[in-house]
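Undergrad: Structure in structure tokens, see below.
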Amino acid sequence: MIEPIKIRGLKQNNLKNISLDIPKNKIVVFTGVSGSGKSSIVFDTIAAESQRQMNETYSAWIRGRLPKYEKPNVEWIDNLNPSVIIDQSRLGGNARSTVGTISDMYSLLRLLFSRIGTPYVGPSSYFSFNNPNGMCPACAGIGKIMDLDMKNLINENHTYDEGIFNLPAFGVGNYYWKVYRRPEYFRINVPWKDLSQEEKNILLYGSKIKDGKRLDKKLEGVYNQFKRLVLMKGPQEQSDHTLKKIAKYLYECQCPECKGKRLNQTTLSCKINGYTIHDMCEMEFSRLREELDKIKDERAKSIIDQLKASLNRMIDIGLPYLFMNRESSTLSGGEAQRLKLVRYMGSSLCGMIYIFDEPSTGMHPRDVYRMVQLLKNLRDKGNTVLVVEHDKDIIRIADEVIDIGPLAGKNGGQILFQGSYENLRISGTKTGNALSSEIKIKENVRQPKGFLPIRNANIHNLKNVDVDIPLGVMLVVTGVAGSGKSSLIREVFAKQYADQVVLIDQSAVSATGRSTVCTFLGFFDEIRNVFASQMGAPKSLFTFNGKGACPHCKGRGMITTELVFMEPVTTVCEYCNGTRYSEESLKHTVHGKTIVDVLNMSVEEAYPFFSDNKKISGMLEALIEVGLSYISLGQPLSTFSGGERQRVKLAQNIKKKGNIYILDEPTTGLHPADIEKVVDILEGFVQRGNTVIVIEHNTDVMKLADFIIDIGPDGGTKGGEVVFTGTPKEMIESGKTITAEYLRK
Ligand code: ADP
Ligand code: ADP
Ligand code: ZN
Ligand code: ZN
């Protein structure tokens, strides 16, 4: 028998001095309400310690370039393996990074074209849009260029002498203004809008051309001149200041040379079975696999086998609708996670710990079984698979479930159960109960108060979609991954009705690392008022950005020491112990608590403390209502999970009326027992006169909708249509779609 991973005396974050053994070469799923301590075990302890020890094996030079991992608060850990974290962080935002490049499939395709493409073009570097040999010279392989936005550039009502062009160099009296002031070619006292087309052309594009020569060599045209002056230099040579100034006269458009294909004409002349490498990169994976099957050339067999193995993994994991040219920055968190997983599936390493954060995110129940299959494959290759997950279909296949609880934060941090799924169901824990109970379908649905039409929607895969969005109800928009839900709701509907729509997604809520729930929701100011008025002290004494700042660390809580030849060292400030506040400000207390004590309180603890202050208690109530009672007031928003961020945004909007709220998978990160709670919150929004649109795969949420719109029938080009509209009851009784099938189960 293989010795388990042994953890003793673990007190990381909220964990209550726990000890546990985690079996190896098994799929182990961690469950429990959010904030109970799952990530504290899996990410902050196991992954962090494993990565930290791995990093110690490298030279100092490399170590300095690796991310730093804190030593977890634990007595000891034994039998740890190297670990790989497969999370949902988005993939790089660079325009040169595509699904093809990051999955390595593009390099295989390049190799294929360099071997058997005709006419023969050459080494595979000629097929790379990131290599000077292959890239389109006009756009340097980006497929897009910046062009001048003539509408913004021209004052229609001005004459030349009043100044037509909004460019400093062409301003009245300036150098280029003088060069172009040519009354012999156009009327300088007539407004632009009244000039003839010929006059306009001369000004913009240069003097008349006779026998291929300009009549006047100096006049290459304002448009050409400006392009040469500004665009050709390339952005890196411009100062930030100039870039900002010219940005409003520029717009991004498809490169006219390569038509967005990124490659040069020589490369694009090379074909296999009539297709260029660009054509193949535009094909959805399922279609590309069919085309590869038609290639019979023996020289290419091993490359094609490798490519097909990668394509099969993509298709197996529920991404058959992706294509190599899709820019990786446009992928959703769930899609990015699955792509990372595919990269590891090709690996022959074994004896690793693979760690997943809610792999079911963004997956329709139809596709979850595929994810399950891949997790099993990883295990069967001799790896340990640790998963934090709420989805029943994934918990069900666990070899072992570890349930953390009973509640969140200080009220959690204990192991409630460890064992099989079947035993968990009868264990009596909150998770066990939720897994063995059924949510009933909503019978008394609301009638829509009106509709907003979408007509001829065609973006991405949408096929001329006409649909009416019902108002004053809870609408669930569903469909398999890649069917077009986000395209329809976020790209088309939300943009068309932008002034009525509030998007409540999981993206970061604030740009600065210092924000907390109380600064974001605006009640920190009121907390400082309470301190100031009770103590008769200035309000600024209670902010670490102002007078209240610890003078040693200037309110940063950390001291960074710059060292010659080495990475700077950051240590907790020993004067304020990282609290950021000055001694002076901590002399003041309200009901015996300092401002730091208050920031350390959870929402739940702070609520009775501030019960006589309506402004503060109102916001705290909202936070409790959205299930964030365990968050501490001073916890930086940057440490919140996506689901928690989404709930903060809900709390922010909880008092508003007459809006249309769009939520993308609000059940992400939620314990099954809390799903009904969130639906209750959303019901409250509808009762107050709002419309709630939820993009969701969770069948429990569908059951609780007033109205369902199902997009399909499948993903990518096989999707993009509205395949069902109606109530949940109608869907169960007569729906013929994939979603209906799973709702009935
Ligand atoms: P789960 O993964 O079950 O949702 P976590 O392990 O993320 O729960 O959190 C458990 C508790 O520890 C929560 O109260 C959370 O606010 C707290 N916590 C998490 N990360 C940190 C951190 N970096 N610093 C302080 N507290 C944290
Ligand atoms: P869903 O939200 O149902 O998962 P999406 O609306 O994200 O589906 O995707 C529908 C189709 O549109 C897919 O084929 C997807 O590849 C394509 N698509 C989505 N976003 C983009 C994009 N930014 N660029 C190109 N294609 C996209
Ligand atoms: Zn180009
Ligand atoms: Zn300090």
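Residues are referred to by chain and number: the chain letter is A, B, ... according to the order shown in the structure tokens, the number counts from 1 in that chain, and ligands are numbered separately from 1 in the order shown.
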With only C-alpha atoms and all ligand atoms counted and 10 Å as the cut-off, give the residues of chain A in contact with ligand 4, each with its shortest interatomic distance in Å and the pair that gives it, as JSON lines.
TA:
{"residue": "A:Phe544", "atom": "CA", "partner": "ligand 4", "partner_atom_place_in_ligand_line": "1 (Zn)", "distance": 9.7}
{"residue": "A:Ala549", "atom": "CA", "partner": "ligand 4", "partner_atom_place_in_ligand_line": "1 (Zn)", "distance": 7.5}
{"residue": "A:Cys550", "atom": "CA", "partner": "ligand 4", "partner_atom_place_in_ligand_line": "1 (Zn)", "distance": 4.5}
{"residue": "A:Pro551", "atom": "CA", "partner": "ligand 4", "partner_atom_place_in_ligand_line": "1 (Zn)", "distance": 6.5}
{"residue": "A:His552", "atom": "CA", "partner": "ligand 4", "partner_atom_place_in_ligand_line": "1 (Zn)", "distance": 5.1}
{"residue": "A:Cys553", "atom": "CA", "partner": "ligand 4", "partner_atom_place_in_ligand_line": "1 (Zn)", "distance": 4.2}
{"residue": "A:Lys554", "atom": "CA", "partner": "ligand 4", "partner_atom_place_in_ligand_line": "1 (Zn)", "distance": 6.5}
{"residue": "A:Gly555", "atom": "CA", "partner": "ligand 4", "partner_atom_place_in_ligand_line": "1 (Zn)", "distance": 6.0}
{"residue": "A:Arg556", "atom": "CA", "partner": "ligand 4", "partner_atom_place_in_ligand_line": "1 (Zn)", "distance": 6.7}
{"residue": "A:Gly557", "atom": "CA", "partner": "ligand 4", "partner_atom_place_in_ligand_line": "1 (Zn)", "distance": 4.7}
{"residue": "A:Met558", "atom": "CA", "partner": "ligand 4", "partner_atom_place_in_ligand_line": "1 (Zn)", "distance": 6.6}
{"residue": "A:Ile559", "atom": "CA", "partner": "ligand 4", "partner_atom_place_in_ligand_line": "1 (Zn)", "distance": 7.7}
{"residue": "A:Val572", "atom": "CA", "partner": "ligand 4", "partner_atom_place_in_ligand_line": "1 (Zn)", "distance": 7.8}
{"residue": "A:Cys573", "atom": "CA", "partner": "ligand 4", "partner_atom_place_in_ligand_line": "1 (Zn)", "distance": 4.6}
{"residue": "A:Glu574", "atom": "CA", "partner": "ligand 4", "partner_atom_place_in_ligand_line": "1 (Zn)", "distance": 6.5}
{"residue": "A:Tyr575", "atom": "CA", "partner": "ligand 4", "partner_atom_place_in_ligand_line": "1 (Zn)", "distance": 5.1}
{"residue": "A:Cys576", "atom": "CA", "partner": "ligand 4", "partner_atom_place_in_ligand_line": "1 (Zn)", "distance": 4.1}
{"residue": "A:Asn577", "atom": "CA", "partner": "ligand 4", "partner_atom_place_in_ligand_line": "1 (Zn)", "distance": 6.4}
{"residue": "A:Gly578", "atom": "CA", "partner": "ligand 4", "partner_atom_place_in_ligand_line": "1 (Zn)", "distance": 5.7}
{"residue": "A:Thr579", "atom": "CA", "partner": "ligand 4", "partner_atom_place_in_ligand_line": "1 (Zn)", "distance": 6.7}
{"residue": "A:Arg580", "atom": "CA", "partner": "ligand 4", "partner_atom_place_in_ligand_line": "1 (Zn)", "distance": 4.9}
{"residue": "A:Tyr581", "atom": "CA", "partner": "ligand 4", "partner_atom_place_in_ligand_line": "1 (Zn)", "distance": 6.5}
{"residue": "A:Ser582", "atom": "CA", "partner": "ligand 4", "partner_atom_place_in_ligand_line": "1 (Zn)", "distance": 7.2}
{"residue": "A:Glu583", "atom": "CA", "partner": "ligand 4", "partner_atom_place_in_ligand_line": "1 (Zn)", "distance": 9.4}
Undergrad: Using DSSP on the backbone coordinates, identify the residues of region 322-397 of chain A assigned to strand (DSSP E or B); present them as a list of chain:residue names.
TA: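 DSSP-assigned strand (DSSP E or B) residues in region 322-397 of chain A: A:Glu327, A:Ile353, A:Tyr354, A:Ile355, A:Phe356, A:Asp357, A:Thr384, A:Val385, A:Leu386, A:Val387, A:Val388.
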Undergrad: Got time to write the residues from that selection, all heavy atoms, as an mmCIF file, in the first residue's frame?
TA:
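Result went into part05.cif, see below:
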data_model
loop_
_atom_site.group_PDB
_atom_site.id
_atom_site.type_symbol
_atom_site.label_atom_id
_atom_site.label_comp_id
_atom_site.auth_asym_id
_atom_site.auth_seq_id
_atom_site.Cartn_x
_atom_site.Cartn_y
_atom_site.Cartn_z
ATOM 1 N N GLU A 327 -8.360 33.947 -30.045
ATOM 2 C CA GLU A 327 -7.392 34.585 -29.149
ATOM 3 C C GLU A 327 -7.608 34.086 -27.724
ATOM 4 O O GLU A 327 -8.728 34.068 -27.237
ATOM 5 C CB GLU A 327 -7.514 36.109 -29.217
ATOM 6 C CG GLU A 327 -6.792 36.676 -30.417
ATOM 7 C CD GLU A 327 -6.884 38.193 -30.510
ATOM 8 O OE1 GLU A 327 -7.008 38.853 -29.464
ATOM 9 O OE2 GLU A 327 -6.833 38.687 -31.653
ATOM 10 N N ILE A 353 0.706 15.423 -7.952
ATOM 11 C CA ILE A 353 -0.590 15.777 -7.387
ATOM 12 C C ILE A 353 -1.201 16.821 -8.323
ATOM 13 O O ILE A 353 -0.609 17.877 -8.540
ATOM 14 C CB ILE A 353 -0.451 16.400 -5.982
ATOM 15 C CG1 ILE A 353 0.287 15.442 -5.047
ATOM 16 C CG2 ILE A 353 -1.813 16.763 -5.412
ATOM 17 C CD1 ILE A 353 0.566 16.051 -3.672
ATOM 18 N N TYR A 354 -2.345 16.498 -8.913
ATOM 19 C CA TYR A 354 -3.050 17.478 -9.739
ATOM 20 C C TYR A 354 -4.160 18.115 -8.910
ATOM 21 O O TYR A 354 -4.940 17.415 -8.272
ATOM 22 C CB TYR A 354 -3.651 16.813 -10.979
ATOM 23 C CG TYR A 354 -2.610 16.491 -12.015
ATOM 24 C CD1 TYR A 354 -1.989 15.252 -12.044
ATOM 25 C CD2 TYR A 354 -2.230 17.451 -12.958
ATOM 26 C CE1 TYR A 354 -1.021 14.955 -12.991
ATOM 27 C CE2 TYR A 354 -1.260 17.166 -13.912
ATOM 28 C CZ TYR A 354 -0.664 15.922 -13.922
ATOM 29 O OH TYR A 354 0.296 15.633 -14.857
ATOM 30 N N ILE A 355 -4.194 19.441 -8.920
ATOM 31 C CA ILE A 355 -5.143 20.141 -8.056
ATOM 32 C C ILE A 355 -6.095 20.983 -8.895
ATOM 33 O O ILE A 355 -5.660 21.808 -9.696
ATOM 34 C CB ILE A 355 -4.378 21.037 -7.059
ATOM 35 C CG1 ILE A 355 -3.502 20.152 -6.182
ATOM 36 C CG2 ILE A 355 -5.332 21.870 -6.234
ATOM 37 C CD1 ILE A 355 -2.712 20.901 -5.148
ATOM 38 N N PHE A 356 -7.382 20.747 -8.724
ATOM 39 C CA PHE A 356 -8.390 21.439 -9.529
ATOM 40 C C PHE A 356 -9.301 22.296 -8.671
ATOM 41 O O PHE A 356 -9.735 21.882 -7.598
ATOM 42 C CB PHE A 356 -9.284 20.420 -10.247
ATOM 43 C CG PHE A 356 -8.581 19.671 -11.325
ATOM 44 C CD1 PHE A 356 -7.859 18.516 -11.019
ATOM 45 C CD2 PHE A 356 -8.618 20.112 -12.626
ATOM 46 C CE1 PHE A 356 -7.210 17.816 -12.007
ATOM 47 C CE2 PHE A 356 -7.961 19.423 -13.619
ATOM 48 C CZ PHE A 356 -7.254 18.271 -13.322
ATOM 49 N N ASP A 357 -9.631 23.477 -9.197
ATOM 50 C CA ASP A 357 -10.580 24.348 -8.527
ATOM 51 C C ASP A 357 -11.874 24.360 -9.342
ATOM 52 O O ASP A 357 -11.908 24.901 -10.444
ATOM 53 C CB ASP A 357 -9.981 25.761 -8.459
ATOM 54 C CG ASP A 357 -10.787 26.662 -7.559
ATOM 55 O OD1 ASP A 357 -11.683 26.150 -6.859
ATOM 56 O OD2 ASP A 357 -10.526 27.873 -7.567
ATOM 57 N N THR A 384 -2.241 11.600 -8.084
ATOM 58 C CA THR A 384 -3.248 11.899 -7.078
ATOM 59 C C THR A 384 -4.014 13.119 -7.567
ATOM 60 O O THR A 384 -3.403 14.094 -7.991
ATOM 61 C CB THR A 384 -2.570 12.212 -5.733
ATOM 62 O OG1 THR A 384 -1.775 11.081 -5.389
ATOM 63 C CG2 THR A 384 -3.589 12.499 -4.647
ATOM 64 N N VAL A 385 -5.348 13.040 -7.540
ATOM 65 C CA VAL A 385 -6.156 14.138 -8.061
ATOM 66 C C VAL A 385 -6.963 14.757 -6.918
ATOM 67 O O VAL A 385 -7.796 14.081 -6.312
ATOM 68 C CB VAL A 385 -7.098 13.640 -9.181
ATOM 69 C CG1 VAL A 385 -7.961 14.780 -9.706
ATOM 70 C CG2 VAL A 385 -6.293 13.009 -10.310
ATOM 71 N N LEU A 386 -6.678 16.006 -6.592
ATOM 72 C CA LEU A 386 -7.416 16.693 -5.531
ATOM 73 C C LEU A 386 -8.319 17.737 -6.168
ATOM 74 O O LEU A 386 -7.884 18.521 -7.005
ATOM 75 C CB LEU A 386 -6.457 17.388 -4.555
ATOM 76 C CG LEU A 386 -5.352 16.534 -3.942
ATOM 77 C CD1 LEU A 386 -4.558 17.350 -2.921
ATOM 78 C CD2 LEU A 386 -5.929 15.285 -3.273
ATOM 79 N N VAL A 387 -9.605 17.713 -5.786
ATOM 80 C CA VAL A 387 -10.565 18.593 -6.435
ATOM 81 C C VAL A 387 -11.392 19.339 -5.392
ATOM 82 O O VAL A 387 -11.904 18.719 -4.457
ATOM 83 C CB VAL A 387 -11.549 17.775 -7.323
ATOM 84 C CG1 VAL A 387 -12.422 18.698 -8.156
ATOM 85 C CG2 VAL A 387 -10.798 16.809 -8.215
ATOM 86 N N VAL A 388 -11.507 20.669 -5.544
ATOM 87 C CA VAL A 388 -12.474 21.422 -4.746
ATOM 88 C C VAL A 388 -13.702 21.568 -5.628
ATOM 89 O O VAL A 388 -13.605 22.081 -6.735
ATOM 90 C CB VAL A 388 -11.923 22.818 -4.378
ATOM 91 C CG1 VAL A 388 -13.002 23.659 -3.708
ATOM 92 C CG2 VAL A 388 -10.710 22.682 -3.478
#
Undergrad: Could you pull the residues within 9 Å of Asp44 (chain A), counting only C-alpha atoms, minus those fewer than 3 positions along the same chain, as a list of chain:residue names?
TA: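 After dropping sequence-adjacent residues, the list is A:Gln12, A:Asn13, A:Ser39, A:Ser40, A:Ile41, A:Ala47, A:Ala48, A:Glu49, A:Tyr69, A:Glu70, A:Lys71, A:Pro72.
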Undergrad: Within 8 Å of ligand 1, counting only C-alpha atoms and all ligand atoms, which protein or nucleic acid residues do you find, written as a ChimeraX atom specification?
TA: /A:12-15,31-41,44,388,404,408-410,412-413,630-632,635,639-641,669
Undergrad: So that I have them on file, write out the residues from the current selection with N, CA, C and O atoms, as a compact mmCIF listing (two decimals), in the first residue's frame.
TA:
# COMPACT_ATOMS: atom_id res chain seq x y z
N GLN A 12 -3.65 26.66 9.28
CA GLN A 12 -3.66 27.70 8.24
C GLN A 12 -5.02 28.40 8.19
O GLN A 12 -6.06 27.76 8.24
N ASN A 13 -5.00 29.74 8.07
CA ASN A 13 -6.24 30.55 8.04
C ASN A 13 -7.20 30.13 9.16
O ASN A 13 -6.85 30.23 10.32
N ASN A 14 -8.38 29.61 8.78
CA ASN A 14 -9.37 29.30 9.82
C ASN A 14 -9.32 27.85 10.30
O ASN A 14 -10.18 27.43 11.08
N LEU A 15 -8.34 27.06 9.85
CA LEU A 15 -8.35 25.63 10.17
C LEU A 15 -8.02 25.39 11.64
O LEU A 15 -7.10 25.99 12.20
N THR A 31 -15.29 19.10 -0.08
CA THR A 31 -16.58 19.79 -0.14
C THR A 31 -16.76 20.65 1.12
O THR A 31 -15.97 20.55 2.05
N GLY A 32 -17.82 21.43 1.12
CA GLY A 32 -18.12 22.27 2.28
C GLY A 32 -18.57 23.64 1.81
O GLY A 32 -18.24 24.04 0.70
N VAL A 33 -19.29 24.37 2.68
CA VAL A 33 -19.79 25.69 2.29
C VAL A 33 -18.62 26.61 1.97
O VAL A 33 -17.50 26.36 2.41
N SER A 34 -18.87 27.67 1.20
CA SER A 34 -17.74 28.50 0.84
C SER A 34 -17.25 29.25 2.08
O SER A 34 -18.04 29.65 2.94
N GLY A 35 -15.95 29.35 2.19
CA GLY A 35 -15.34 29.94 3.37
C GLY A 35 -15.09 28.94 4.48
O GLY A 35 -14.60 29.29 5.55
N SER A 36 -15.40 27.64 4.25
CA SER A 36 -15.24 26.66 5.32
C SER A 36 -13.77 26.27 5.52
O SER A 36 -13.38 25.85 6.60
N GLY A 37 -12.96 26.39 4.46
CA GLY A 37 -11.54 26.08 4.62
C GLY A 37 -10.97 25.11 3.59
O GLY A 37 -9.85 24.62 3.75
N LYS A 38 -11.73 24.82 2.53
CA LYS A 38 -11.27 23.87 1.50
C LYS A 38 -9.98 24.36 0.84
O LYS A 38 -9.00 23.63 0.74
N SER A 39 -10.00 25.63 0.40
CA SER A 39 -8.81 26.17 -0.28
C SER A 39 -7.64 26.28 0.68
O SER A 39 -6.49 26.17 0.27
N SER A 40 -7.95 26.53 1.94
CA SER A 40 -6.87 26.65 2.91
C SER A 40 -6.10 25.34 3.01
O SER A 40 -4.88 25.34 3.20
N ILE A 41 -6.80 24.20 2.88
CA ILE A 41 -6.11 22.90 2.90
C ILE A 41 -5.43 22.65 1.55
O ILE A 41 -4.24 22.39 1.47
N ASP A 44 -3.58 26.58 -0.04
CA ASP A 44 -2.63 27.29 0.82
C ASP A 44 -1.71 26.35 1.57
O ASP A 44 -0.69 26.77 2.10
N VAL A 388 -11.51 20.67 -5.54
CA VAL A 388 -12.47 21.42 -4.75
C VAL A 388 -13.70 21.57 -5.63
O VAL A 388 -13.61 22.08 -6.73
N ILE A 404 -15.59 19.71 4.77
CA ILE A 404 -15.09 20.69 5.74
C ILE A 404 -16.25 21.56 6.21
O ILE A 404 -17.14 21.90 5.43
N ALA A 408 -18.75 28.77 7.81
CA ALA A 408 -17.63 29.47 7.20
C ALA A 408 -16.77 30.18 8.23
O ALA A 408 -17.18 30.37 9.37
N GLY A 409 -15.56 30.57 7.83
CA GLY A 409 -14.66 31.37 8.67
C GLY A 409 -14.41 30.72 10.01
O GLY A 409 -14.12 29.53 10.09
N LYS A 410 -14.53 31.50 11.09
CA LYS A 410 -14.27 30.98 12.44
C LYS A 410 -15.18 29.83 12.80
O LYS A 410 -14.84 29.00 13.64
N GLY A 412 -16.00 27.48 10.89
CA GLY A 412 -15.71 26.30 10.08
C GLY A 412 -14.35 25.76 10.45
O GLY A 412 -13.96 25.79 11.61
N GLY A 413 -13.61 25.24 9.45
CA GLY A 413 -12.24 24.84 9.69
C GLY A 413 -12.07 23.49 10.35
O GLY A 413 -10.99 23.18 10.85
N TYR A 630 -19.23 35.81 6.69
CA TYR A 630 -17.97 35.36 7.27
C TYR A 630 -16.78 36.21 6.86
O TYR A 630 -15.68 36.07 7.38
N ILE A 631 -16.97 37.10 5.90
CA ILE A 631 -15.88 37.95 5.40
C ILE A 631 -15.50 38.97 6.48
O ILE A 631 -16.37 39.51 7.14
N SER A 632 -14.19 39.23 6.63
CA SER A 632 -13.85 40.27 7.60
C SER A 632 -13.80 41.62 6.90
O SER A 632 -13.52 41.70 5.71
N GLN A 635 -10.62 42.51 4.98
CA GLN A 635 -10.00 41.57 4.03
C GLN A 635 -9.94 42.21 2.64
O GLN A 635 -10.96 42.66 2.11
N THR A 639 -8.24 39.28 -2.48
CA THR A 639 -8.15 37.89 -2.04
C THR A 639 -9.50 37.16 -2.18
O THR A 639 -9.60 36.00 -1.82
N PHE A 640 -10.54 37.85 -2.68
CA PHE A 640 -11.85 37.22 -2.81
C PHE A 640 -11.88 36.28 -4.01
O PHE A 640 -11.23 36.54 -5.02
N SER A 641 -12.67 35.21 -3.90
CA SER A 641 -12.87 34.33 -5.05
C SER A 641 -13.84 35.00 -6.01
O SER A 641 -14.53 35.95 -5.65
N GLY A 669 -18.75 28.29 -7.10
CA GLY A 669 -18.19 28.44 -5.75
C GLY A 669 -19.22 28.27 -4.65
O GLY A 669 -18.91 28.48 -3.49
Undergrad: Could the residues that lie within 10 Å of ligand 3, counting only C-alpha atoms and all ligand atoms, be listed as a list in words?
TA: Phe129, Met135, Cys136, Pro137, Ala138, Cys139, Ala140, Gly141, Ile142, Gly143, Lys144, Ile145, Gln254, Cys255, Pro256, Glu257, Cys258, Lys259, Gly260, Lys261, Arg262, Leu263, Asn264 and Gln265 of chain A
